[in-house]
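Enquirer: Supplied structure: model_36.csv, CSV, C-alpha atoms.
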chain,number,residue,atom,x,y,z
B,729,MET,CA,0.0,0.0,0.0
B,730,THR,CA,1.4,3.4,-1.0
B,731,THR,CA,1.6,5.8,1.9
B,732,PRO,CA,-0.1,9.0,0.9
B,733,LYS,CA,2.4,12.0,0.7
B,734,LEU,CA,1.3,14.8,2.9
B,735,ASN,CA,2.2,18.4,2.9
B,736,PHE,CA,0.7,20.1,5.9
B,737,PHE,CA,0.9,23.5,4.2
B,738,GLU,CA,-1.2,22.8,1.1
B,739,SER,CA,-4.7,22.2,2.4
B,740,PRO,CA,-7.0,24.7,0.7
B,741,HIS,CA,-10.1,24.3,2.8
B,742,LEU,CA,-9.1,24.6,6.4
B,743,PRO,CA,-11.8,25.6,8.9
B,744,THR,CA,-11.0,28.6,11.1
B,745,PRO,CA,-11.1,27.4,14.6
B,746,THR,CA,-12.6,29.3,17.5
B,747,SER,CA,-10.0,29.8,20.3
B,748,PRO,CA,-7.8,26.9,19.1
B,749,THR,CA,-6.2,24.8,21.8
B,750,LEU,CA,-3.1,22.8,21.0
B,751,LYS,CA,-3.3,20.6,24.0
B,752,ARG,CA,-6.5,19.4,25.6
B,753,PRO,CA,-6.2,18.7,29.4
B,754,GLN,CA,-6.5,15.1,30.5
B,755,LEU,CA,-8.9,14.5,33.3
B,756,TYR,CA,-8.6,11.7,35.8
B,757,LEU,CA,-10.9,10.3,38.5
B,758,PRO,CA,-9.4,9.4,41.8
B,759,ASP,CA,-7.7,5.9,41.8
B,760,LEU,CA,-10.0,3.1,42.9
B,761,LYS,CA,-8.9,0.5,45.4
B,762,GLU,CA,-8.8,-3.1,44.1
B,763,PRO,CA,-11.2,-5.5,45.9
B,764,PRO,CA,-9.3,-8.2,47.8
B,765,PRO,CA,-9.7,-11.7,46.3
B,766,ASP,CA,-11.8,-13.0,49.3
B,767,ASP,CA,-14.3,-10.1,49.2
B,768,LEU,CA,-17.8,-11.6,49.0
B,769,ARG,CA,-19.3,-8.4,47.6
B,770,TRP,CA,-16.8,-8.4,44.6
B,771,THR,CA,-17.3,-12.2,44.2
B,772,ARG,CA,-21.0,-11.4,43.4
B,773,VAL,CA,-19.9,-8.9,40.8
B,774,GLU,CA,-17.6,-11.4,39.1
B,775,GLN,CA,-20.4,-14.0,39.1
B,776,TRP,CA,-22.7,-11.4,37.5
B,777,LEU,CA,-20.1,-10.6,34.8
B,778,ALA,CA,-19.5,-14.3,34.1
B,779,ALA,CA,-23.3,-14.9,33.7
B,780,LYS,CA,-23.7,-12.2,31.1
B,781,SER,CA,-22.6,-12.4,27.5
B,782,LEU,CA,-20.7,-9.1,27.3
B,783,ALA,CA,-18.4,-7.6,24.7
B,784,GLN,CA,-15.0,-7.0,26.1
B,785,ASN,CA,-15.4,-3.2,26.1
B,786,THR,CA,-18.8,-3.4,27.8
B,787,LYS,CA,-17.4,-5.8,30.4
B,788,ARG,CA,-14.6,-3.4,31.0
B,789,SER,CA,-17.0,-0.5,31.5
B,790,TYR,CA,-19.3,-2.5,33.8
B,791,THR,CA,-16.3,-3.6,35.9
B,792,ARG,CA,-15.1,0.0,36.3
B,793,GLU,CA,-18.5,1.2,37.4
B,794,LEU,CA,-19.2,-1.6,39.9
B,795,LYS,CA,-15.7,-1.1,41.3
B,796,ARG,CA,-16.4,2.6,41.7
B,797,PHE,CA,-19.7,1.8,43.6
B,798,TRP,CA,-17.8,-0.9,45.7
B,799,ASN,CA,-15.3,1.8,46.7
B,800,TRP,CA,-18.1,4.3,47.5
B,801,THR,CA,-20.0,2.1,50.0
B,802,ASN,CA,-19.0,-0.7,52.4
B,803,LYS,CA,-22.5,-2.0,52.8
B,804,PRO,CA,-23.3,-5.7,51.9
B,805,TRP,CA,-25.3,-5.8,48.7
B,806,ASN,CA,-28.4,-7.0,50.5
B,807,GLN,CA,-28.4,-3.9,52.7
B,808,VAL,CA,-28.1,-1.3,49.9
B,809,THR,CA,-31.3,0.8,49.8
B,810,ILE,CA,-33.0,3.0,47.2
B,811,TRP,CA,-31.7,5.9,49.2
B,812,ASP,CA,-28.1,4.7,48.9
B,813,VAL,CA,-28.4,4.4,45.1
B,814,THR,CA,-30.0,7.8,44.9
B,815,ARG,CA,-27.3,9.4,47.0
B,816,TYR,CA,-24.6,7.7,44.8
B,817,LYS,CA,-26.3,9.1,41.7
B,818,GLU,CA,-26.3,12.6,43.2
B,819,TYR,CA,-22.6,12.1,44.2
B,820,LEU,CA,-21.7,11.2,40.6
B,821,GLU,CA,-23.6,14.2,39.2
B,822,THR,CA,-21.8,16.6,41.5
B,823,ALA,CA,-18.4,14.9,41.8
B,824,LEU,CA,-15.4,16.9,40.9
B,825,ILE,CA,-12.6,15.5,38.7
B,826,GLN,CA,-8.9,16.1,39.1
B,827,GLU,CA,-7.3,18.0,36.2
B,828,SER,CA,-3.8,16.5,35.8
B,829,GLU,CA,-2.1,19.7,34.5
B,830,THR,CA,-3.1,22.0,37.3
B,831,ASN,CA,-3.8,19.4,40.0
B,832,THR,CA,-7.1,21.2,40.7
B,833,LEU,CA,-10.6,19.8,41.1
B,834,LYS,CA,-13.1,20.9,38.5
B,835,ARG,CA,-15.7,19.6,36.1
B,836,GLN,CA,-18.4,17.1,36.7
B,837,LEU,CA,-19.0,13.8,35.1
B,838,SER,CA,-21.0,14.1,31.9
B,839,PRO,CA,-24.6,13.0,32.0
B,840,ASN,CA,-23.7,10.1,29.7
B,841,SER,CA,-21.1,8.9,32.2
B,842,VAL,CA,-23.6,9.1,35.1
B,843,ALA,CA,-26.1,7.3,32.9
B,844,LEU,CA,-23.6,4.5,32.3
B,845,ALA,CA,-23.0,4.1,36.0
B,846,VAL,CA,-26.7,3.9,36.8
B,847,ARG,CA,-27.4,1.4,34.0
B,848,SER,CA,-24.5,-0.7,35.3
B,849,LEU,CA,-26.0,-0.8,38.8
B,850,LYS,CA,-29.5,-1.5,37.5
B,851,SER,CA,-28.2,-4.5,35.5
B,852,PHE,CA,-26.2,-5.8,38.5
B,853,PHE,CA,-29.0,-5.6,41.1
B,854,ARG,CA,-31.5,-6.9,38.6
B,855,TRP,CA,-29.3,-10.0,38.3
B,856,MET,CA,-28.8,-10.2,42.1
B,857,GLU,CA,-32.6,-10.3,42.5
B,858,GLN,CA,-33.1,-12.9,39.9
B,859,ALA,CA,-30.3,-15.0,41.5
B,860,HIS,CA,-32.1,-14.7,44.9
B,861,TYR,CA,-29.2,-13.0,46.5
B,862,ILE,CA,-31.4,-10.0,47.5
B,863,ILE,CA,-35.1,-9.7,48.1
B,864,GLU,CA,-35.7,-6.2,46.7
B,865,ASN,CA,-33.9,-4.4,43.8
B,866,PRO,CA,-32.8,-1.0,45.2
B,867,THR,CA,-32.4,0.5,41.7
B,868,LEU,CA,-36.0,0.1,40.5
B,869,ALA,CA,-37.2,3.6,41.5
B,870,VAL,CA,-34.0,5.3,40.4
B,871,SER,CA,-34.2,6.8,36.9
B,872,VAL,CA,-31.3,6.9,34.4
B,873,PRO,CA,-30.3,10.5,33.6
B,874,THR,CA,-31.2,11.8,30.2
B,875,GLU,CA,-28.3,11.2,27.8
B,876,SER,CA,-27.4,13.6,25.0
B,877,GLU,CA,-27.6,12.1,21.5
B,878,PRO,CA,-24.1,10.8,20.6
B,879,GLU,CA,-22.3,12.6,17.8
B,880,SER,CA,-20.1,11.2,15.1
B,881,LYS,CA,-16.4,11.7,16.0
B,882,GLU,CA,-15.0,11.2,12.5
B,883,LEU,CA,-11.6,12.4,11.4
B,884,THR,CA,-11.0,14.9,8.7
B,885,ASP,CA,-9.3,13.9,5.4
B,886,LEU,CA,-6.1,15.7,6.6
B,887,GLN,CA,-6.1,13.9,9.9
B,888,VAL,CA,-6.4,10.5,8.1
B,889,GLN,CA,-3.6,11.4,5.7
B,890,ALA,CA,-1.5,12.4,8.7
B,891,LEU,CA,-1.9,9.0,10.3
B,892,TYR,CA,-0.9,7.2,7.1
B,893,ALA,CA,2.1,9.5,6.7
B,894,ALA,CA,3.2,8.6,10.2
B,895,LEU,CA,3.5,4.9,9.2
B,896,GLU,CA,6.8,5.7,7.6
B,897,ARG,CA,8.2,6.0,11.1
B,898,ARG,CA,6.9,2.7,12.4
B,899,GLY,CA,10.1,0.8,11.8
B,900,HIS,CA,9.8,-3.0,12.1
B,901,SER,CA,6.1,-2.9,12.6
B,902,GLN,CA,5.3,-0.7,9.6
B,903,LEU,CA,3.8,-3.5,7.5
B,904,ARG,CA,1.6,-4.7,10.3
B,905,ASP,CA,0.5,-1.2,11.3
B,906,THR,CA,-0.3,-0.3,7.7
B,907,ALA,CA,-2.5,-3.4,7.4
B,908,LEU,CA,-4.1,-2.6,10.8
B,909,LEU,CA,-4.8,1.0,9.9
B,910,ALA,CA,-6.4,-0.1,6.6
B,911,THR,CA,-8.5,-2.6,8.4
B,912,LEU,CA,-9.8,-0.2,11.0
B,913,SER,CA,-10.5,2.3,8.2
B,914,HIS,CA,-13.1,-0.1,6.9
B,915,GLY,CA,-15.2,0.3,10.0
B,916,LEU,CA,-14.0,-2.6,12.2
B,917,ARG,CA,-14.0,-2.1,15.9
B,918,ALA,CA,-10.6,-2.6,17.6
B,919,GLU,CA,-11.9,-5.6,19.4
B,920,GLU,CA,-13.1,-7.2,16.2
B,921,ALA,CA,-9.7,-6.6,14.6
B,922,SER,CA,-8.0,-8.2,17.6
B,923,HIS,CA,-10.1,-11.3,17.2
B,924,LEU,CA,-9.3,-11.8,13.5
B,925,ASN,CA,-7.4,-15.0,12.5
B,926,VAL,CA,-5.6,-15.6,9.2
B,927,GLU,CA,-8.6,-17.7,8.0
B,928,ASP,CA,-10.9,-14.7,8.3
B,929,TYR,CA,-9.2,-13.0,5.4
B,930,ASP,CA,-10.0,-14.5,2.0
B,931,GLY,CA,-8.1,-12.0,-0.1
B,932,ARG,CA,-11.0,-9.7,-0.8
B,933,ARG,CA,-12.9,-9.4,2.5
B,934,LEU,CA,-12.8,-10.0,6.2
B,935,HIS,CA,-15.1,-12.3,8.1
B,936,ILE,CA,-16.1,-10.9,11.5
B,937,ARG,CA,-17.0,-13.9,13.7
B,938,GLU,CA,-17.0,-12.2,17.1
B,939,ALA,CA,-18.6,-8.8,17.4
B,940,LYS,CA,-20.6,-6.5,19.7
B,941,GLN,CA,-24.3,-7.4,20.0
B,942,GLY,CA,-23.9,-10.1,17.4
B,943,SER,CA,-23.0,-7.7,14.6
B,944,THR,CA,-21.0,-10.4,12.7
B,945,GLY,CA,-20.7,-10.5,9.0
B,946,ARG,CA,-18.3,-10.0,6.1
B,947,VAL,CA,-16.6,-6.7,5.3
B,948,PRO,CA,-15.4,-6.0,1.7
B,949,LEU,CA,-12.0,-4.4,1.4
B,950,ASP,CA,-10.7,-2.0,-1.2
B,951,GLN,CA,-7.6,-2.8,-3.2
B,952,ASP,CA,-5.2,-0.8,-1.0
B,953,ALA,CA,-6.3,-2.6,2.1
B,954,CYS,CA,-5.9,-6.0,0.4
B,955,ASN,CA,-2.4,-5.0,-0.8
B,956,ALA,CA,-1.5,-4.0,2.7
B,957,LEU,CA,-2.7,-7.3,4.3
B,958,ASN,CA,-1.1,-9.3,1.5
B,959,ALA,CA,2.3,-7.6,2.0
B,960,TYR,CA,2.1,-8.1,5.8
B,961,LEU,CA,1.2,-11.8,5.5
B,962,GLU,CA,3.9,-12.4,2.9
B,963,TRP,CA,6.5,-10.7,5.2
B,964,ARG,CA,5.5,-12.9,8.1
B,965,LYS,CA,6.0,-16.0,5.9
B,966,GLY,CA,9.4,-14.7,4.9
B,967,GLN,CA,10.3,-14.5,8.6
B,968,GLY,CA,9.7,-18.2,8.8
B,969,GLU,CA,6.3,-18.0,10.5
B,970,SER,CA,3.9,-20.8,9.9
B,971,LEU,CA,0.5,-19.3,9.2
B,972,THR,CA,-2.4,-21.7,10.0
B,973,ALA,CA,-6.1,-21.0,9.9
B,974,ASP,CA,-6.2,-20.1,13.6
B,975,THR,CA,-3.1,-17.9,13.6
B,976,PRO,CA,-3.8,-14.4,14.8
B,977,LEU,CA,-4.0,-12.0,11.9
B,978,PHE,CA,-2.4,-9.2,13.9
B,979,VAL,CA,0.5,-10.1,16.1
B,980,ASN,CA,2.2,-8.1,19.0
B,981,TYR,CA,5.8,-7.1,18.3
B,982,SER,CA,6.5,-5.7,21.8
B,983,ARG,CA,9.9,-6.1,23.4
B,984,ASP,CA,8.1,-7.7,26.3
B,985,PRO,CA,8.7,-11.5,26.0
B,986,ARG,CA,5.4,-12.2,27.8
B,987,VAL,CA,3.3,-10.8,24.9
B,988,ARG,CA,5.7,-10.7,21.9
B,989,GLY,CA,4.4,-13.0,19.1
B,990,ARG,CA,1.0,-13.3,20.7
B,991,ARG,CA,-2.3,-11.9,19.4
B,992,LEU,CA,-2.4,-8.1,19.3
B,993,SER,CA,-5.0,-7.2,22.0
B,994,TYR,CA,-7.5,-4.4,22.1
B,995,ASP,CA,-5.1,-2.4,24.3
B,996,GLY,CA,-2.3,-3.0,21.9
B,997,ILE,CA,-4.4,-1.7,18.9
B,998,TYR,CA,-5.4,1.3,21.0
B,999,LEU,CA,-1.7,2.0,21.7
B,1000,VAL,CA,-0.7,1.7,18.0
B,1001,VAL,CA,-3.3,4.3,17.0
B,1002,LYS,CA,-2.2,6.6,19.8
B,1003,GLN,CA,1.4,6.3,18.8
B,1004,LEU,CA,0.5,7.1,15.2
B,1005,GLY,CA,-1.3,10.2,16.3
B,1006,GLN,CA,1.7,11.4,18.3
B,1007,MET,CA,4.0,10.6,15.4
B,1008,ALA,CA,1.8,12.6,13.0
B,1009,ILE,CA,2.1,15.6,15.4
B,1010,ASP,CA,5.9,15.3,15.5
B,1011,LEU,CA,6.0,15.1,11.7
B,1012,ALA,CA,3.8,18.3,11.4
B,1013,LEU,CA,6.0,20.2,13.9
B,1014,GLU,CA,9.1,19.3,11.9
B,1015,GLN,CA,7.6,20.7,8.7
B,1016,ILE,CA,6.5,23.8,10.5
B,1017,GLN,CA,10.1,24.4,11.6
B,1018,ASP,CA,11.3,23.8,8.1
B,1019,LYS,CA,8.8,26.4,6.6
B,1020,PRO,CA,8.6,29.4,8.9
B,1021,GLU,CA,7.3,31.5,6.0
B,1022,ALA,CA,4.0,29.6,6.1
B,1023,ARG,CA,3.4,30.5,9.7
B,1024,SER,CA,-0.2,31.6,9.3
B,1025,VAL,CA,-1.2,28.3,7.5
B,1026,ALA,CA,0.9,26.3,9.9
B,1027,ASP,CA,-1.1,27.6,12.9
B,1028,LEU,CA,-4.3,26.3,11.4
B,1029,VAL,CA,-2.8,22.9,10.4
B,1030,GLY,CA,-1.1,22.6,13.7
B,1031,TRP,CA,-4.5,23.0,15.4
B,1032,GLU,CA,-6.1,20.4,13.2
B,1033,ILE,CA,-3.3,17.9,13.7
B,1034,ALA,CA,-2.7,18.6,17.4
B,1035,VAL,CA,-6.0,16.9,18.3
B,1036,LEU,CA,-4.5,13.6,17.1
B,1037,ALA,CA,-2.9,13.4,20.5
B,1038,GLU,CA,-6.3,12.2,21.6
B,1039,VAL,CA,-7.1,9.9,18.6
B,1040,TYR,CA,-8.5,6.5,19.3
B,1041,PRO,CA,-9.3,3.5,17.0
B,1042,HIS,CA,-13.1,3.9,17.1
B,1043,GLN,CA,-12.8,7.3,15.3
B,1044,LEU,CA,-11.8,5.4,12.2
B,1045,ARG,CA,-15.1,3.5,12.3
B,1046,HIS,CA,-17.0,6.8,12.6
B,1047,THR,CA,-15.0,8.1,9.7
B,1048,PHE,CA,-15.8,5.1,7.6
B,1049,ALA,CA,-19.6,5.3,8.3
B,1050,SER,CA,-19.7,9.1,7.8
B,1051,ASN,CA,-17.9,8.9,4.4
B,1052,LEU,CA,-20.3,6.2,3.2
B,1053,VAL,CA,-23.3,8.5,3.9
B,1054,LEU,CA,-21.6,11.6,2.6
B,1055,GLY,CA,-20.7,9.7,-0.5
B,1056,GLY,CA,-24.4,9.3,-1.2
B,1057,MET,CA,-24.8,5.6,-0.2
B,1058,ASP,CA,-28.2,4.6,1.0
B,1059,ALA,CA,-28.2,4.5,4.8
B,1060,TYR,CA,-29.5,0.9,5.0
B,1061,LEU,CA,-26.7,-0.3,2.7
B,1062,ALA,CA,-24.2,1.7,4.7
B,1063,MET,CA,-25.6,0.0,7.9
B,1064,SER,CA,-25.0,-3.4,6.3
B,1065,LEU,CA,-21.3,-2.5,5.7
B,1066,THR,CA,-20.8,-1.2,9.3
B,1067,ARG,CA,-23.0,-3.9,10.7
B,1068,HIS,CA,-25.1,-1.6,12.8
B,1069,ARG,CA,-28.2,-3.2,14.2
B,1070,SER,CA,-29.9,0.0,15.3
B,1071,VAL,CA,-31.2,2.8,13.1
B,1072,SER,CA,-31.2,5.2,16.0
B,1073,VAL,CA,-27.5,4.6,16.6
B,1074,PHE,CA,-26.6,4.9,13.0
B,1075,LYS,CA,-28.5,8.2,12.5
B,1076,ARG,CA,-25.6,10.2,14.1
B,1077,TYR,CA,-23.8,9.7,10.7
B,1078,SER,CA,-26.9,10.6,8.7
B,1079,ASN,CA,-27.4,13.7,10.8
B,1080,LYS,CA,-23.8,14.7,10.3
B,1081,ALA,CA,-24.0,14.1,6.5
B,1082,ARG,CA,-27.1,16.3,6.3
B,1083,GLU,CA,-25.4,19.1,8.3
B,1084,LYS,CA,-22.4,19.1,5.9
B,1085,GLN,CA,-24.6,18.9,2.8
B,1086,ALA,CA,-26.8,21.7,4.1
B,1087,GLU,CA,-23.7,23.9,4.7
B,1088,GLN,CA,-22.4,23.1,1.2
B,1089,ALA,CA,-25.8,24.0,-0.3
B,1090,PHE,CA,-25.9,27.2,1.8
B,1091,ARG,CA,-22.4,28.3,0.7
B,1092,GLY,CA,-23.2,27.5,-2.9
B,1093,HIS,CA,-26.4,29.5,-2.6
B,1094,VAL,CA,-24.5,32.5,-1.2
B,1095,LEU,CA,-21.9,32.2,-4.0
B,1096,ASP,CA,-24.7,32.2,-6.6
B,1097,LEU,CA,-26.2,35.3,-5.1
B,1098,TRP,CA,-22.9,37.0,-5.1
B,1099,MET,CA,-22.2,36.1,-8.7
B,1100,ASN,CA,-25.6,37.3,-9.7
B,1101,TYR,CA,-25.0,40.5,-7.9
B,1102,GLN,CA,-21.7,41.0,-9.7
B,1103,THR,CA,-23.3,40.3,-13.0
B,1104,ASP,CA,-26.3,42.7,-12.4
B,1105,ARG,CA,-24.2,45.4,-10.9
B,1106,PRO,CA,-24.0,48.4,-13.2
B,1107,ASN,CA,-20.6,49.5,-14.4
B,1108,SER,CA,-19.2,52.5,-12.6
Represent the supplied structure as structure tokens.

Expert:
Amino acid sequence: MTTPKLNFFESPHLPTPTSPTLKRPQLYLPDLKEPPPDDLRWTRVEQWLAAKSLAQNTKRSYTRELKRFWNWTNKPWNQVTIWDVTRYKEYLETALIQESETNTLKRQLSPNSVALAVRSLKSFFRWMEQAHYIIENPTLAVSVPTESEPESKELTDLQVQALYAALERRGHSQLRDTALLATLSHGLRAEEASHLNVEDYDGRRLHIREAKQGSTGRVPLDQDACNALNAYLEWRKGQGESLTADTPLFVNYSRDPRVRGRRLSYDGIYLVVKQLGQMAIDLALEQIQDKPEARSVADLVGWEIAVLAEVYPHQLRHTFASNLVLGGMDAYLAMSLTRHRSVSVFKRYSNKAREKQAEQAFRGHVLDLWMNYQTDRPNS
């Protein structure tokens, strides 16, 4: 796959940002204590997690939220009351978060984060009641906060090009990372990419066998992605690796002997994308230093590229879905490619596409009016 050449100073349609910020502060919640192995309350949480068929990300989120509640109260689960859950919900809604840069306490959890916490407790205590560990469910009368409609977090064309340009600096993992980035750019979730085996690639498409909410299926690939995967697999064969049907498609090349050569995990994929984002920023800064005469344009491009410090794999899925709709594809066909099961979830991409199309139509209308004005204007 040919890595796109990128010049950060030749992007003709850069938006003018309002109060651009080159570095967004990272926020951290207080560290949570780990439950001891013999803690009966946490044993019930582990039983609940084992009883549910959860995607890895969902399981991770539920574990975090139950651990937070476990830290907040020392009551046995059968003694937790509706009033306890209500107070905990109010605590989350008013809790302050520590800002790492200034070490000050500010900002509250978002309504969506509080909603996730309440939904987690509702699911846990509903199971506790069904398993006859408690008599009454203390969460029944507690409502889930209203959540804002999720927005598409797609990347711009320039940002995608910057990630591909950064591949040139990936050294020994360049072929793997090129194939991985191309795979994620076709709408796969990071967890789905992690679960892929060699047999799941047939030379033209990927077979998703494990996916969130059963959204399995086959994903067609463009030629560039096929070329990237073919080059990566041929390189592995050249290294003497025996590729069988159940061999992981993406392998970890960490220096840590405990994980080297094993399947690239969700966390590993997340780290690769984060590293590519940082490398894209470094590459942009080098070009800015080399071309001081383009300072005004560099300021804008620097702002657009700087947000790649916070890039994460799922944004590539958002980008894929948004581009399908923006390209004029029928929403239901696009849903088939992204394997979304819910129209209400997918509509974030349709809404974003309509916004962009409306803006383009507006600007075209204004341009037409201006051209007509110039034509009709009497010569002075």

Enquirer: Could you check the closest approach to His1042 in chain B for each of B:Ser851, B:Ser871, B:Thr911, B:Thr906 and tell me which residue wins, using all atoms listed in the file?

Expert: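 Answer, going by the shortest atom-to-atom distance: B:Thr911.
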
Enquirer: Of the candidates B:Pro764, B:Gln784, B:Asn958, B:Ser943, which one gets nearest to Ser1070 in chain B if we count all atoms listed in the file?

Expert: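 Looking at the shortest contact to Ser1070 in chain B, the residue is B:Ser943.
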
Enquirer: Between CA of Tyr994 in chain B and CA of Asn785 in chain B, what is the spacing in Å?

Expert: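 Value for the CA of Asn785 in chain B-CA of Tyr994 in chain B distance: 8.9 Å.
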
Enquirer: Restricting the calculation to all atoms listed in the file: of B:Glu927, B:Glu1014, B:Asp885, B:Asp766, which residue gets closest to Phe1048 in chain B?

Expert: B:Asp885

Enquirer: Figure out the distance between CA of Ile997 in chain B and CA of Phe797 in chain B, please, to one decimal in Å.

Expert: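 So the two atoms, CA of Phe797 in chain B and CA of Ile997 in chain B, lie 29.3 Å apart.
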
Enquirer: Can you find the residues with an atom no farther than 10 Å from (-11.2, -11.7, 1.8), counting all atoms listed in the file, and report them as a count of residues only?

Expert: 15

Enquirer: One number please: CA of Asp905 in chain B to CA of Gln1003 in chain B, in Å, one decimal.

Expert: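 Computing it gives 10.6 Å between the two atoms.
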
Enquirer: If we count only C-alpha atoms, what is near Tyr861 in chain B at a cut-off of 12 Å, once residues fewer than 3 positions away on the same chain are taken out, given as a PyMOL selection string?

Expert: chain B and resi 768-769+772-773+775-776+804-807+852-858+864-865

Enquirer: When distances are computed from only C-alpha atoms, which of B:Met1007, B:Ala869, B:Ala779, B:Leu824 shows the smallest separation from Leu837 in chain B?

Expert: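 Among B:Met1007, B:Ala869, B:Ala779, B:Leu824, it is B:Leu824 that comes nearest to Leu837 in chain B.
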
Enquirer: Which residues are near Ile1033 in chain B? Cut-off 8 Å, all atoms listed in the file, ignore same chain within fewer than 4 positions. Put them as an NGL selection string.

Expert: :B and (886-887 or 890 or 1008-1009 or 1012 or 1029)

Enquirer: What lies within 10 Å of Glu896 in chain B using only C-alpha atoms, ignoring chain neighbours under 4 positions off, as a PyMOL selection string?

Expert: chain B and resi 731+891-892+901-903+906+1004+1007

Enquirer: With distances taken over only C-alpha atoms, which residue among B:Arg986, B:Arg917, B:Ala956, B:Arg788 lies nearest Glu938 in chain B?

Expert: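 For Glu938 in chain B, the nearest of the candidates is B:Arg917.
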
Enquirer: Write out as a PyMOL selection string which residues come within 10 Å of Ala843 in chain B when counting all atoms listed in the file, dropping same-chain ones fewer than 6 positions away.

Expert: chain B and resi 817+820-821+837+871-875

Enquirer: My list of candidates is B:Val1001, B:Ala783, B:Leu777, B:Ala1049. Which is closest to Arg1076 in chain B when distances are computed with only C-alpha atoms?

Expert: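 Answer, going by the shortest atom-to-atom distance: B:Ala1049.
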
Enquirer: Excluding Tyr1040 in chain B and residues on its chain fewer than 2 positions from it, collect all residues at most 8 Å away from it, counting all atoms listed in the file, and give them as a ChimeraX atom specification.

Expert: /B:998,1001-1002,1038,1042-1044

Enquirer: For the residues in the current selection, export C-alpha atoms as a PDB file, in the coordinates of the input.

Expert:
ATOM      1  CA  TYR B 998      -5.400   1.300  21.000  1.00  0.00           C
ATOM      2  CA  VAL B1001      -3.300   4.300  17.000  1.00  0.00           C
ATOM      3  CA  LYS B1002      -2.200   6.600  19.800  1.00  0.00           C
ATOM      4  CA  GLU B1038      -6.300  12.200  21.600  1.00  0.00           C
ATOM      5  CA  HIS B1042     -13.100   3.900  17.100  1.00  0.00           C
ATOM      6  CA  GLN B1043     -12.800   7.300  15.300  1.00  0.00           C
ATOM      7  CA  LEU B1044     -11.800   5.400  12.200  1.00  0.00           C
TER       8      LEU B1044
END
